[in-house]
Structure formats: C-alpha cells, structure tokens
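J.: After the structure tokens below, expect a handful of questions from me.
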Amino acid sequence: MTTPTIELKPSAHPLAAAEREAILTSPGFGRSFTDHMVTIKWTEGRGWHDGQLVPYAPIPLDPATNVLHYAQEIFEGLKAYRQPDGTVATFRPEQNALRFQRSAHRLGMPELPVETFLEACDALIAQDIDWVPAHGGEESLYLRPFMIGTEVGLGVKPSNEYLFLVIASPAGAYFPGGVKPVSIWVSEERVRAVPGGMGDAKTGGNYAASLLAQAEAAARGCDQVCYLDAVEHEWVEELGGMNLFFVYGNKIVTPTLTGSILEGVTRDSLLAVARDLGYEAEEGRISLDQWQRDTENGTLTEVFACGTAAVITPVGTVKRSGAEWRQSDGEPGEVTLRLREALLDIQRGKSEDRHGWMHRIG
Ligand SMILES: *Cc1c(COP(=O)(O)O)cnc(C)c1O
C-alpha cells in the first residue's frame with residue numbers, strides 16, 4: 001500500500017495577522033484553532049488515500065456514523081516549539097506515531113504508517129507556522145491527530161472506512177502565574193481502566209469513563225482524580241490524563257506499566273532526563289497506603305504528574321476517603337521543578353538534545 005502524499009489546498013482567507021497575534025498573546029489551551037487541518041481517508045480494499053491539507057472546517061457526518069454510536073476513536077497530543085534560531089521542532093513525534101498505531105490496533109482500526117503521521121503533522125505545522133508562538137516562554141503549538149470510524153450503519157463491527165485528521169491549537173503556558181500544585185482526589189471506588197481493557201490506548205472512551213469521577217473530585221474541591229488498579233483497588237495507576245511520579249530523595253519512581261496505564265511520552269522522557277541529571281529513576285508498584293505512610297514518615301518527599309499538555313505538574317493536597325495529606329508542604333518540590341526546567345529546556349532548544357528527541361520542521 002502506498003503512503004499518501006498530502007495535497008496542499010490552503011485557504012484563500014486565512015485569519016488576518018493582527019487577529020492571529022491577538023489570539024497568540026493569551027491562547028489558553030484548546031480554545032482556538034489554526035487556519036488549516038489535514039485529512040486522510042482509509043477504506044477497505046483501498047487503504048490510505050486522498051491526503052489533503054484544507055481550510056479548518058466542520059466535518060459533515062451521517063447521524064448513523066460508527067463513531068457516534070460505538071466510539072471507534074483514537075487520538076494523540078504533541079507539541080511544536082519555536083527554537084532559538086526561529087525554526088520549529090516537535091518533540092519525539094515518532095513516539096506518538098507508534099502509540100497511535102498501538103491504539104489503532106487495540107480498537108480494531110487500521111494502522112497509519114509512521115511516515116504518514118509525521119508527514120501530516122509536518123505539513124500542517126509548515127502551513128500554519130505563523131501560529132507557533134515565539135521562542136522563550138512555555139508557549140507552543142499543540143497538535144491533535146485523531147482518527148474516527150466513518151462507516152454508516154448501526155451494525156456492531158469495526159468500521160470499513162476511517163477518517164484521520166490533524167488539527168492544531170496554540171497553547172499558552174500551563175501555569176501563567178508560576179507553577180502551582182494541583183490537588184488530587186484518590187478514587188477508591190471508580191476505576192478508569194481494567195485489565196484486558198483499553199487503558200493503554202489513547203481513546204476518547206477512557207476519558208468518557210473518567211468524567212463522572214472528575215466531577216466528584218471537583219465537588220470535593222480537588223483538581224484531578226487519581227485512579228487505582230481495578231482489581232485490588234490498592235495500586236496507584238495514574239490521573240485521568242497524566243502519569244504520576246513519586247520522589248524519594250534522590251530517586252524517582254513511576255508505576256510500572258500494567259496494560260491499564262497509558263504509556264506517556266513525557267513519562268518515558270523523564271525517566272531518561274532524571275538519569276541524565278544523576279537521579280535514580282525506576283518503575284515500581286506503589287500502593288495508596290504506602291503513598292500516605294511514606295508521606296507521613298517523610299521518606300516520600302515530592303509527587304508530581306506529567307503529560308504533554310502541562311509537562312510537569314506538582315501534586316499538593318491529596319485526599320482519600322477518611323484522610324488527607326500534603327506533599328512537600330503544598331509547594332512545588334525542588335526535584336519536580338528541576339526536572340520540569342530540564343525537559344522544557346530540551347523542548348525549547350535551550351539545552352543540548354543529547355537523545356535526538358527534537359524533530360525539525362522543513
Ligand atoms: C495522553 C495521556 C497521558 C500522557 O501522555 P504523554 O504522551 O506524556 O502526553 C497520560 N495518561 C493518559 C490517560 C493519557 O491519555
């Protein structure tokens with residue numbers, strides 16, 4: 001099957017520069033979208049075809065389209081950063097392409113070739129390059145590749161046709177007023193993902209499963225939910241959309257991938273960056289009771305969450321049924337901040353890319 005080349009059909013009326021600049025002064029997250037999007041079709045027998053870069057626009061769907069009923073949907077999230085020399089680079093996009101293939105496999109969808117995934121992202125960034133914020137701060141252009149089942153009909157089976165898209169949205173600094181710890185509600189009742197389920201696939205269904213617990217956390221005054229394993233309700237897994245790290249002095253530990261934890265690119269990168277900085281970094285099992293006990297006895301010095309959107313977020317207050325505690329006095333920890341700066345410096349091109357993680361556009 002041939003790899004599609006993307007046909008460029010740019011907009012005759014992109015947003016005026018002054019309006020774009022106004023958005024870029026305070027973009028927030030996922031609120032505004034660039035002038036264009038990429039679409040590629042897949043149909044049974046024909047494979048991937050009809051790759052196009054077109055003006056950003058609604059996509060008409062028949063009311064009986066597969067994705068609207070049976071949720072055959074997967075997505076990715078990655079960022080493009082302006083480099084000191086004015087060029088633009090994405091961070092480890094081939095890791096997102098490979099995870100997109102694993103997610104597709106899990107949901108019975110066709111796998112997009114890695115080169116096509118990269119070509120689609122690069123084409124959109126190149127076209128909308130003026131939407132990539134200036135070098136210096138934490139601002140970036142967030143890319144959202146995704147794929148939906150587009151067969152029309154209510155029969156339950158994998159769709160026989162799919163649409164892959166990439167859209168892009170300028171993203172501001174996650175903490176505009178300085179890094180601020182989040183509060184966590186640990187759900188000992190609701191679970192995000194189960195063994196043999198699709199917790200290690202990046203699919204909207206996992207997010208749908210998390211929204212009620214998220215609302216319950218908000219009602220308890222917490223920002224995020226931490227999920228435990230679905231069998232023993234004891235082992236810490238992750239937040240709704242971020243992986244977790246536990247700092248024991250000079251050692252950082254993140255829960256071992258069990259199949260119900262999403263394998264974050266940030267998680268993997270931090271294991272390497274931590275070792276580069278001389279910390280010990282490992283995967284392991286951490287129970288909720290151990291989390292509480294080790295905080296109380298002072299051996300667990302910091303906890304943080306990580307993912308593409310926020311890079312690293314310190315954890316402040318933690319609440320579980322009948323107990324509550326604070327990590328590092330509710331302040332961002334020293335190791336947390338050091339790892340955050342080190343990773344951001346690689347992404348922004350401020351420090352040497354010793355692992356070859358940055359992918360230059362053009
Ligand atoms: C995307 C995601 C993460 C973070 O992955 P990154 O590749 O680091 O952005 C963590 N957990 C879940 C459930 C996710 O969907």
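So you can find residues: chains in the structure tokens are A, B, ... in the order shown, residues in each start at 1, and ligands are numbered from 1 in order.
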Find the spatial neighbours of Leu53 of chain A, counting only C-alpha atoms, within a cut-off of 10 Å - ignore same-chain residues fewer than 2 positions away - and output them as a ChimeraX atom specification.
T.: /A:6-11,36-40,50-51,55-56,120,123-124,127,165-166
J.: Would you list the residues that come within 8 Å of ligand 1? Count only C-alpha atoms and all ligand atoms and give the answer as a PyMOL selection string.
T.: chain A and resi 76-78+96+199-203+206-207+238-243+261-268+306-309+311
J.: Measure the distance from atom CA of Leu163 of chain A to atom CA of Lys41 of chain A in Å and round it to one decimal.
T.: 4.8 Å
J.: Enumerate, in order of chain and increasing residue number, the residues of segment 138-253 of chain A with an atom no farther than 12 Å from segment 325-342 of chain A, each with its shortest atom pair and distance in Å to one decimal, counting only C-alpha atoms, as JSON lines.
T.:
{"residue": "A:Glu138", "atom": "CA", "partner": "A:Glu341", "partner_atom": "CA", "distance": 10.1}
{"residue": "A:Gly178", "atom": "CA", "partner": "A:Pro332", "partner_atom": "CA", "distance": 10.1}
{"residue": "A:Val179", "atom": "CA", "partner": "A:Pro332", "partner_atom": "CA", "distance": 7.2}
{"residue": "A:Lys180", "atom": "CA", "partner": "A:Pro332", "partner_atom": "CA", "distance": 6.8}
{"residue": "A:Pro181", "atom": "CA", "partner": "A:Pro332", "partner_atom": "CA", "distance": 6.0}
{"residue": "A:Val182", "atom": "CA", "partner": "A:Gly330", "partner_atom": "CA", "distance": 8.9}
{"residue": "A:Ser183", "atom": "CA", "partner": "A:Arg326", "partner_atom": "CA", "distance": 8.9}
{"residue": "A:Ile184", "atom": "CA", "partner": "A:Arg326", "partner_atom": "CA", "distance": 10.0}
{"residue": "A:Trp185", "atom": "CA", "partner": "A:Trp325", "partner_atom": "CA", "distance": 10.9}
{"residue": "A:Val186", "atom": "CA", "partner": "A:Trp325", "partner_atom": "CA", "distance": 11.6}
{"residue": "A:Leu244", "atom": "CA", "partner": "A:Thr336", "partner_atom": "CA", "distance": 11.5}
{"residue": "A:Phe245", "atom": "CA", "partner": "A:Thr336", "partner_atom": "CA", "distance": 9.2}
{"residue": "A:Phe246", "atom": "CA", "partner": "A:Thr336", "partner_atom": "CA", "distance": 9.7}
{"residue": "A:Val247", "atom": "CA", "partner": "A:Val335", "partner_atom": "CA", "distance": 7.6}
{"residue": "A:Tyr248", "atom": "CA", "partner": "A:Val335", "partner_atom": "CA", "distance": 9.8}
{"residue": "A:Gly249", "atom": "CA", "partner": "A:Val335", "partner_atom": "CA", "distance": 8.5}
{"residue": "A:Asn250", "atom": "CA", "partner": "A:Val335", "partner_atom": "CA", "distance": 8.4}
{"residue": "A:Lys251", "atom": "CA", "partner": "A:Val335", "partner_atom": "CA", "distance": 9.6}
{"residue": "A:Ile252", "atom": "CA", "partner": "A:Val335", "partner_atom": "CA", "distance": 9.0}
J.: Can you pull out every residue within 10 Å of Ser269 of chain A, counting only C-alpha atoms, but drop anything in the same chain fewer than 6 positions away, and send it as a short mmCIF file (atom, residue, chain, number, x, y, z; two decimals) with N, CA, C and O atoms, in the first residue's frame?
T.:
data_model
loop_
_atom_site.label_atom_id
_atom_site.label_comp_id
_atom_site.auth_asym_id
_atom_site.auth_seq_id
_atom_site.Cartn_x
_atom_site.Cartn_y
_atom_site.Cartn_z
N ARG A 92 9.69 14.31 19.93
CA ARG A 92 9.52 12.86 19.81
C ARG A 92 8.24 12.44 19.06
O ARG A 92 7.49 11.56 19.54
N LEU A 343 13.44 19.35 31.13
CA LEU A 343 12.69 18.84 29.97
C LEU A 343 12.26 20.00 29.06
O LEU A 343 12.41 19.93 27.84
N HIS A 355 19.54 13.12 23.29
CA HIS A 355 18.87 11.88 22.91
C HIS A 355 18.30 11.92 21.48
O HIS A 355 17.67 10.96 21.06
N TRP A 357 15.83 13.87 20.36
CA TRP A 357 14.37 13.86 20.52
C TRP A 357 13.66 14.88 19.65
O TRP A 357 12.47 14.75 19.39
#
J.: Mind giving me the straight-line distance from atom CA of Val88 of chain A to atom CA of Arg102 of chain A in Å, one decimal?
T.: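 Interatomic distance, atom CA of Val88 of chain A to atom CA of Arg102 of chain A: 27.1 Å.
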J.: Taking only C-alpha atoms into account, which of A:Thr65, A:Ile129, A:Glu21, A:Tyr162 comes nearest His49 of chain A?
T.: A:Tyr162
J.: Closest to Arg20 of chain A among A:Asp289, A:Glu324, A:Asp223, A:Asp128, using only C-alpha atoms?
T.: A:Asp128
J.: Which of these, A:Ala57, A:Leu98, A:Lys157, A:Gly298, has the shortest distance to Leu118 of chain A once you count only C-alpha atoms?
T.: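 Closest to Leu118 of chain A of all the choices is A:Leu98.
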J.: Run DSSP on the backbone and tell me which residues of segment 176-296 of chain A come out as alpha helix (DSSP H); list them as a PDB file with C-alpha atoms, in the first residue's frame.
T.:
ATOM      1  CA  GLY A 204     -11.904   9.104  23.966  1.00  0.00           C
ATOM      2  CA  GLY A 205     -13.734   6.235  25.687  1.00  0.00           C
ATOM      3  CA  ASN A 206     -11.242   6.285  28.560  1.00  0.00           C
ATOM      4  CA  TYR A 207     -11.928   9.979  29.023  1.00  0.00           C
ATOM      5  CA  ALA A 208     -15.694   9.439  28.948  1.00  0.00           C
ATOM      6  CA  LEU A 211     -15.696  12.412  33.683  1.00  0.00           C
ATOM      7  CA  LEU A 212     -18.082  11.477  36.488  1.00  0.00           C
ATOM      8  CA  ALA A 213     -15.200  10.818  38.904  1.00  0.00           C
ATOM      9  CA  GLN A 214     -13.693  14.133  37.753  1.00  0.00           C
ATOM     10  CA  ALA A 215     -16.957  15.914  38.668  1.00  0.00           C
ATOM     11  CA  GLU A 216     -16.968  14.132  42.063  1.00  0.00           C
ATOM     12  CA  ALA A 217     -13.397  15.291  42.659  1.00  0.00           C
ATOM     13  CA  ALA A 218     -14.369  18.866  41.812  1.00  0.00           C
ATOM     14  CA  ALA A 219     -17.252  18.632  44.292  1.00  0.00           C
ATOM     15  CA  VAL A 265       5.920  10.030  26.159  1.00  0.00           C
ATOM     16  CA  THR A 266       6.601  12.558  28.935  1.00  0.00           C
ATOM     17  CA  ARG A 267       6.834   9.709  31.476  1.00  0.00           C
ATOM     18  CA  ASP A 268       9.389   7.873  29.339  1.00  0.00           C
ATOM     19  CA  SER A 269      11.362  11.073  28.657  1.00  0.00           C
ATOM     20  CA  LEU A 270      11.530  11.971  32.350  1.00  0.00           C
ATOM     21  CA  LEU A 271      12.956   8.571  33.279  1.00  0.00           C
ATOM     22  CA  ALA A 272      15.845   9.402  30.911  1.00  0.00           C
ATOM     23  CA  VAL A 273      16.205  13.088  31.881  1.00  0.00           C
ATOM     24  CA  ALA A 274      16.262  12.157  35.580  1.00  0.00           C
ATOM     25  CA  ARG A 275      19.116   9.701  34.953  1.00  0.00           C
ATOM     26  CA  ASP A 276      20.965  12.365  32.930  1.00  0.00           C
ATOM     27  CA  LEU A 288      -2.166   4.050  48.185  1.00  0.00           C
ATOM     28  CA  ASP A 289      -1.393   3.093  51.802  1.00  0.00           C
ATOM     29  CA  GLN A 290       2.341   3.332  51.092  1.00  0.00           C
ATOM     30  CA  TRP A 291       1.825   6.751  49.484  1.00  0.00           C
ATOM     31  CA  GLN A 292       0.101   8.014  52.625  1.00  0.00           C
ATOM     32  CA  ARG A 293       2.540   6.318  55.040  1.00  0.00           C
ATOM     33  CA  ASP A 294       5.712   7.405  53.241  1.00  0.00           C
ATOM     34  CA  THR A 295       4.478  10.997  53.101  1.00  0.00           C
ATOM     35  CA  GLU A 296       3.742  10.907  56.827  1.00  0.00           C
TER      36      GLU A 296
END
J.: Quick check for you: according to DSSP on this backbone, which residues of segment 62-294 of chain A are classed as strand (DSSP E)? Reply as a PyMOL selection string.
T.: chain A and resi 73-75+78-82+88-91+140-149+161-171+182-187+224-228+236-239+243-248+251-255+280-284
J.: From the options A:Trp131, A:Tyr227, A:Tyr81, A:Phe117, which residue's atoms come nearest to Ala16 of chain A, counting only C-alpha atoms?
T.: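 When distances to Ala16 of chain A are compared using only C-alpha atoms, the smallest one comes from A:Trp131.
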J.: What is the distance, in Å and to one decimal place, between atom CA of Gly155 of chain A and atom CA of Pro60 of chain A?
T.: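 Spanning atom CA of Gly155 of chain A to atom CA of Pro60 of chain A is a straight-line distance of 20.5 Å.
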J.: Name the residues in contact with Pro113 of chain A at a cut-off of 12 Å, using only C-alpha atoms, excluding same-chain residues fewer than 6 positions from it; report them as an mmCIF file with all heavy atoms, in the first residue's frame.
T.:
data_model
loop_
_atom_site.group_PDB
_atom_site.id
_atom_site.type_symbol
_atom_site.label_atom_id
_atom_site.label_comp_id
_atom_site.auth_asym_id
_atom_site.auth_seq_id
_atom_site.Cartn_x
_atom_site.Cartn_y
_atom_site.Cartn_z
ATOM 1 N N MET A 1 0.846 -1.208 0.000
ATOM 2 C CA MET A 1 0.000 0.000 0.000
ATOM 3 C C MET A 1 0.878 1.254 0.000
ATOM 4 O O MET A 1 1.820 1.344 0.769
ATOM 5 C CB MET A 1 -0.889 0.000 1.243
ATOM 6 C CG MET A 1 -2.345 0.235 0.923
ATOM 7 S SD MET A 1 -3.378 -0.204 2.319
ATOM 8 C CE MET A 1 -3.582 -1.969 2.043
ATOM 9 N N THR A 2 0.589 2.192 -0.866
ATOM 10 C CA THR A 2 1.440 3.381 -0.965
ATOM 11 C C THR A 2 1.115 4.379 0.135
ATOM 12 O O THR A 2 -0.001 4.446 0.612
ATOM 13 C CB THR A 2 1.274 4.080 -2.324
ATOM 14 O OG1 THR A 2 -0.114 4.351 -2.504
ATOM 15 C CG2 THR A 2 1.774 3.233 -3.464
ATOM 16 N N THR A 3 2.116 5.128 0.502
ATOM 17 C CA THR A 3 1.949 6.166 1.506
ATOM 18 C C THR A 3 1.428 7.423 0.820
ATOM 19 O O THR A 3 2.018 7.857 -0.161
ATOM 20 C CB THR A 3 3.320 6.455 2.139
ATOM 21 O OG1 THR A 3 3.787 5.244 2.700
ATOM 22 C CG2 THR A 3 3.233 7.508 3.207
ATOM 23 N N PRO A 4 0.327 8.005 1.303
ATOM 24 C CA PRO A 4 -0.185 9.188 0.616
ATOM 25 C C PRO A 4 0.739 10.380 0.751
ATOM 26 O O PRO A 4 1.424 10.543 1.750
ATOM 27 C CB PRO A 4 -1.517 9.491 1.314
ATOM 28 C CG PRO A 4 -1.670 8.529 2.404
ATOM 29 C CD PRO A 4 -0.474 7.650 2.474
ATOM 30 N N ILE A 40 -6.979 12.505 5.923
ATOM 31 C CA ILE A 40 -6.592 11.354 5.093
ATOM 32 C C ILE A 40 -7.671 10.287 5.282
ATOM 33 O O ILE A 40 -8.116 10.046 6.417
ATOM 34 C CB ILE A 40 -5.207 10.779 5.482
ATOM 35 C CG1 ILE A 40 -4.131 11.881 5.512
ATOM 36 C CG2 ILE A 40 -4.790 9.667 4.512
ATOM 37 C CD1 ILE A 40 -2.746 11.390 5.949
ATOM 38 N N TRP A 42 -9.252 6.319 4.797
ATOM 39 C CA TRP A 42 -8.924 4.898 4.638
ATOM 40 C C TRP A 42 -10.208 4.158 4.305
ATOM 41 O O TRP A 42 -11.235 4.369 4.969
ATOM 42 C CB TRP A 42 -8.337 4.318 5.933
ATOM 43 C CG TRP A 42 -7.859 2.886 5.820
ATOM 44 C CD1 TRP A 42 -6.592 2.462 5.542
ATOM 45 C CD2 TRP A 42 -8.644 1.698 6.007
ATOM 46 N NE1 TRP A 42 -6.532 1.094 5.534
ATOM 47 C CE2 TRP A 42 -7.780 0.592 5.809
ATOM 48 C CE3 TRP A 42 -9.984 1.439 6.300
ATOM 49 C CZ2 TRP A 42 -8.210 -0.734 5.912
ATOM 50 C CZ3 TRP A 42 -10.426 0.120 6.394
ATOM 51 C CH2 TRP A 42 -9.538 -0.949 6.210
ATOM 52 N N GLY A 47 -7.148 1.121 1.225
ATOM 53 C CA GLY A 47 -6.135 1.618 2.161
ATOM 54 C C GLY A 47 -6.177 3.119 2.314
ATOM 55 O O GLY A 47 -7.211 3.758 2.107
ATOM 56 N N TRP A 48 -5.016 3.683 2.675
ATOM 57 C CA TRP A 48 -4.917 5.129 2.915
ATOM 58 C C TRP A 48 -4.883 5.870 1.596
ATOM 59 O O TRP A 48 -4.122 5.512 0.707
ATOM 60 C CB TRP A 48 -3.648 5.441 3.717
ATOM 61 C CG TRP A 48 -3.688 4.825 5.068
ATOM 62 C CD1 TRP A 48 -3.011 3.710 5.478
ATOM 63 C CD2 TRP A 48 -4.463 5.275 6.182
ATOM 64 N NE1 TRP A 48 -3.325 3.431 6.791
ATOM 65 C CE2 TRP A 48 -4.208 4.375 7.247
ATOM 66 C CE3 TRP A 48 -5.347 6.335 6.399
ATOM 67 C CZ2 TRP A 48 -4.805 4.515 8.505
ATOM 68 C CZ3 TRP A 48 -5.946 6.467 7.648
ATOM 69 C CH2 TRP A 48 -5.664 5.557 8.674
ATOM 70 N N GLU A 94 7.684 10.644 16.549
ATOM 71 C CA GLU A 94 7.594 9.244 16.124
ATOM 72 C C GLU A 94 7.066 8.357 17.255
ATOM 73 O O GLU A 94 6.448 7.333 17.008
ATOM 74 C CB GLU A 94 8.941 8.743 15.585
ATOM 75 C CG GLU A 94 10.059 8.565 16.599
ATOM 76 C CD GLU A 94 10.535 9.867 17.246
ATOM 77 O OE1 GLU A 94 10.402 10.946 16.630
ATOM 78 O OE2 GLU A 94 11.028 9.802 18.389
ATOM 79 N N ASN A 96 4.662 9.331 19.283
ATOM 80 C CA ASN A 96 3.216 9.491 19.179
ATOM 81 C C ASN A 96 2.671 8.662 18.009
ATOM 82 O O ASN A 96 1.602 8.061 18.106
ATOM 83 C CB ASN A 96 2.859 10.969 18.976
ATOM 84 C CG ASN A 96 3.294 11.815 20.161
ATOM 85 O OD1 ASN A 96 4.399 12.325 20.190
ATOM 86 N ND2 ASN A 96 2.447 11.924 21.163
ATOM 87 N N ALA A 97 3.433 8.635 16.898
ATOM 88 C CA ALA A 97 3.009 7.864 15.723
ATOM 89 C C ALA A 97 2.924 6.377 16.064
ATOM 90 O O ALA A 97 1.969 5.687 15.683
ATOM 91 C CB ALA A 97 3.978 8.095 14.575
ATOM 92 N N LEU A 98 3.913 5.881 16.821
ATOM 93 C CA LEU A 98 3.929 4.462 17.190
ATOM 94 C C LEU A 98 2.794 4.146 18.171
ATOM 95 O O LEU A 98 2.134 3.117 18.072
ATOM 96 C CB LEU A 98 5.284 4.090 17.802
ATOM 97 C CG LEU A 98 6.447 4.077 16.795
ATOM 98 C CD1 LEU A 98 7.793 4.039 17.522
ATOM 99 C CD2 LEU A 98 6.322 2.879 15.852
ATOM 100 N N ARG A 99 2.570 5.053 19.128
ATOM 101 C CA ARG A 99 1.468 4.829 20.077
ATOM 102 C C ARG A 99 0.122 4.880 19.353
ATOM 103 O O ARG A 99 -0.796 4.133 19.688
ATOM 104 C CB ARG A 99 1.541 5.871 21.199
ATOM 105 C CG ARG A 99 0.541 5.618 22.302
ATOM 106 C CD ARG A 99 0.786 6.508 23.494
ATOM 107 N NE ARG A 99 0.580 7.916 23.185
ATOM 108 C CZ ARG A 99 0.913 8.924 24.003
ATOM 109 N NH1 ARG A 99 1.496 8.661 25.165
ATOM 110 N NH2 ARG A 99 0.684 10.176 23.665
ATOM 111 N N PHE A 100 0.023 5.753 18.344
ATOM 112 C CA PHE A 100 -1.207 5.841 17.549
ATOM 113 C C PHE A 100 -1.484 4.498 16.864
ATOM 114 O O PHE A 100 -2.621 4.047 16.787
ATOM 115 C CB PHE A 100 -1.061 6.970 16.520
ATOM 116 C CG PHE A 100 -2.360 7.474 15.946
ATOM 117 C CD1 PHE A 100 -3.302 8.105 16.745
ATOM 118 C CD2 PHE A 100 -2.638 7.345 14.586
ATOM 119 C CE1 PHE A 100 -4.494 8.593 16.207
ATOM 120 C CE2 PHE A 100 -3.815 7.831 14.042
ATOM 121 C CZ PHE A 100 -4.748 8.455 14.852
ATOM 122 N N GLN A 101 -0.412 3.844 16.414
ATOM 123 C CA GLN A 101 -0.581 2.516 15.802
ATOM 124 C C GLN A 101 -1.051 1.489 16.838
ATOM 125 O O GLN A 101 -1.922 0.663 16.567
ATOM 126 C CB GLN A 101 0.739 2.041 15.180
ATOM 127 C CG GLN A 101 1.157 2.852 13.957
ATOM 128 C CD GLN A 101 2.373 2.254 13.262
ATOM 129 O OE1 GLN A 101 3.234 1.640 13.917
ATOM 130 N NE2 GLN A 101 2.463 2.444 11.958
ATOM 131 N N ARG A 102 -0.478 1.562 18.051
ATOM 132 C CA ARG A 102 -0.891 0.605 19.090
ATOM 133 C C ARG A 102 -2.348 0.843 19.491
ATOM 134 O O ARG A 102 -3.104 -0.102 19.709
ATOM 135 C CB ARG A 102 0.026 0.719 20.318
ATOM 136 C CG ARG A 102 1.486 0.353 20.025
ATOM 137 C CD ARG A 102 2.279 0.099 21.317
ATOM 138 N NE ARG A 102 2.448 1.266 22.153
ATOM 139 C CZ ARG A 102 3.430 2.172 22.032
ATOM 140 N NH1 ARG A 102 4.329 2.043 21.080
ATOM 141 N NH2 ARG A 102 3.513 3.193 22.866
ATOM 142 N N ALA A 104 -4.649 2.142 17.568
ATOM 143 C CA ALA A 104 -5.466 1.691 16.434
ATOM 144 C C ALA A 104 -5.661 0.182 16.510
ATOM 145 O O ALA A 104 -6.780 -0.330 16.370
ATOM 146 C CB ALA A 104 -4.800 2.080 15.114
ATOM 147 N N GLU A 119 4.356 13.085 8.257
ATOM 148 C CA GLU A 119 4.148 13.949 7.097
ATOM 149 C C GLU A 119 2.926 14.855 7.326
ATOM 150 O O GLU A 119 2.954 16.053 7.020
ATOM 151 C CB GLU A 119 3.936 13.080 5.848
ATOM 152 C CG GLU A 119 3.813 13.866 4.558
ATOM 153 C CD GLU A 119 3.367 12.995 3.371
ATOM 154 O OE1 GLU A 119 3.253 11.756 3.510
ATOM 155 O OE2 GLU A 119 3.116 13.590 2.305
ATOM 156 N N ALA A 120 1.870 14.288 7.886
ATOM 157 C CA ALA A 120 0.637 15.057 8.122
ATOM 158 C C ALA A 120 0.885 16.173 9.145
ATOM 159 O O ALA A 120 0.484 17.323 8.940
ATOM 160 C CB ALA A 120 -0.474 14.120 8.597
ATOM 161 N N PHE A 164 -8.745 10.090 9.166
ATOM 162 C CA PHE A 164 -7.662 10.567 10.032
ATOM 163 C C PHE A 164 -7.569 12.074 9.833
ATOM 164 O O PHE A 164 -7.638 12.556 8.696
ATOM 165 C CB PHE A 164 -6.344 9.892 9.635
ATOM 166 C CG PHE A 164 -5.128 10.523 10.254
ATOM 167 C CD1 PHE A 164 -4.798 10.281 11.584
ATOM 168 C CD2 PHE A 164 -4.307 11.368 9.507
ATOM 169 C CE1 PHE A 164 -3.675 10.867 12.154
ATOM 170 C CE2 PHE A 164 -3.178 11.957 10.074
ATOM 171 C CZ PHE A 164 -2.867 11.705 11.404
#
J.: Find the spatial neighbours of Arg190 of chain A, counting only C-alpha atoms, within a cut-off of 10 Å - ignore same-chain residues fewer than 3 positions away - and output them as a list in words.
T.: Val186, Ser187, Ala193, Ala209, Ser210, Leu212, Ala213, Val225, Cys226, Tyr227, Leu228, Asp229, Ala230 and His233 of chain A
J.: I'd like the contact shell of Ala17 of chain A - 10 Å cut-off, only C-alpha atoms, skipping same-chain residues fewer than 5 positions apart - returned as a ChimeraX atom specification.
T.: /A:22-23,130-131
J.: Calculated over only C-alpha atoms, which of the candidates A:Ala310, A:Ala71, A:Ala12, A:Met198 has the smallest distance to Tyr142 of chain A?
T.: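 Using only C-alpha atoms, Tyr142 of chain A sits closest to A:Ala310.
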J.: Restricting the calculation to only C-alpha atoms: of A:Ile74, A:Ala126, A:Ala89, A:Leu68, which residue gets closest to Leu154 of chain A?
T.: A:Leu68
J.: If we count only C-alpha atoms and set the cut-off at 9 Å, which residues sit around segment 29-32 of chain A, ignoring sequence neighbours fewer than 3 positions away in its own chain? Please answer as a PDB file with C-alpha atoms, in the first residue's frame.
T.:
ATOM      1  CA  ILE A  23      -5.033  35.150  19.987  1.00  0.00           C
ATOM      2  CA  TYR A 142      -0.395  21.776  20.279  1.00  0.00           C
ATOM      3  CA  ALA A 168      -3.604  22.422  15.719  1.00  0.00           C
ATOM      4  CA  SER A 169      -4.176  24.844  18.560  1.00  0.00           C
ATOM      5  CA  PRO A 170      -1.804  27.414  20.074  1.00  0.00           C
ATOM      6  CA  ALA A 171      -1.164  26.637  23.755  1.00  0.00           C
ATOM      7  CA  GLY A 172      -0.145  29.160  26.409  1.00  0.00           C
ATOM      8  CA  ALA A 173       1.961  28.463  29.477  1.00  0.00           C
ATOM      9  CA  TYR A 174       0.052  25.919  31.567  1.00  0.00           C
ATOM     10  CA  ALA A 309      -0.146  19.469  27.971  1.00  0.00           C
TER      11      ALA A 309
END
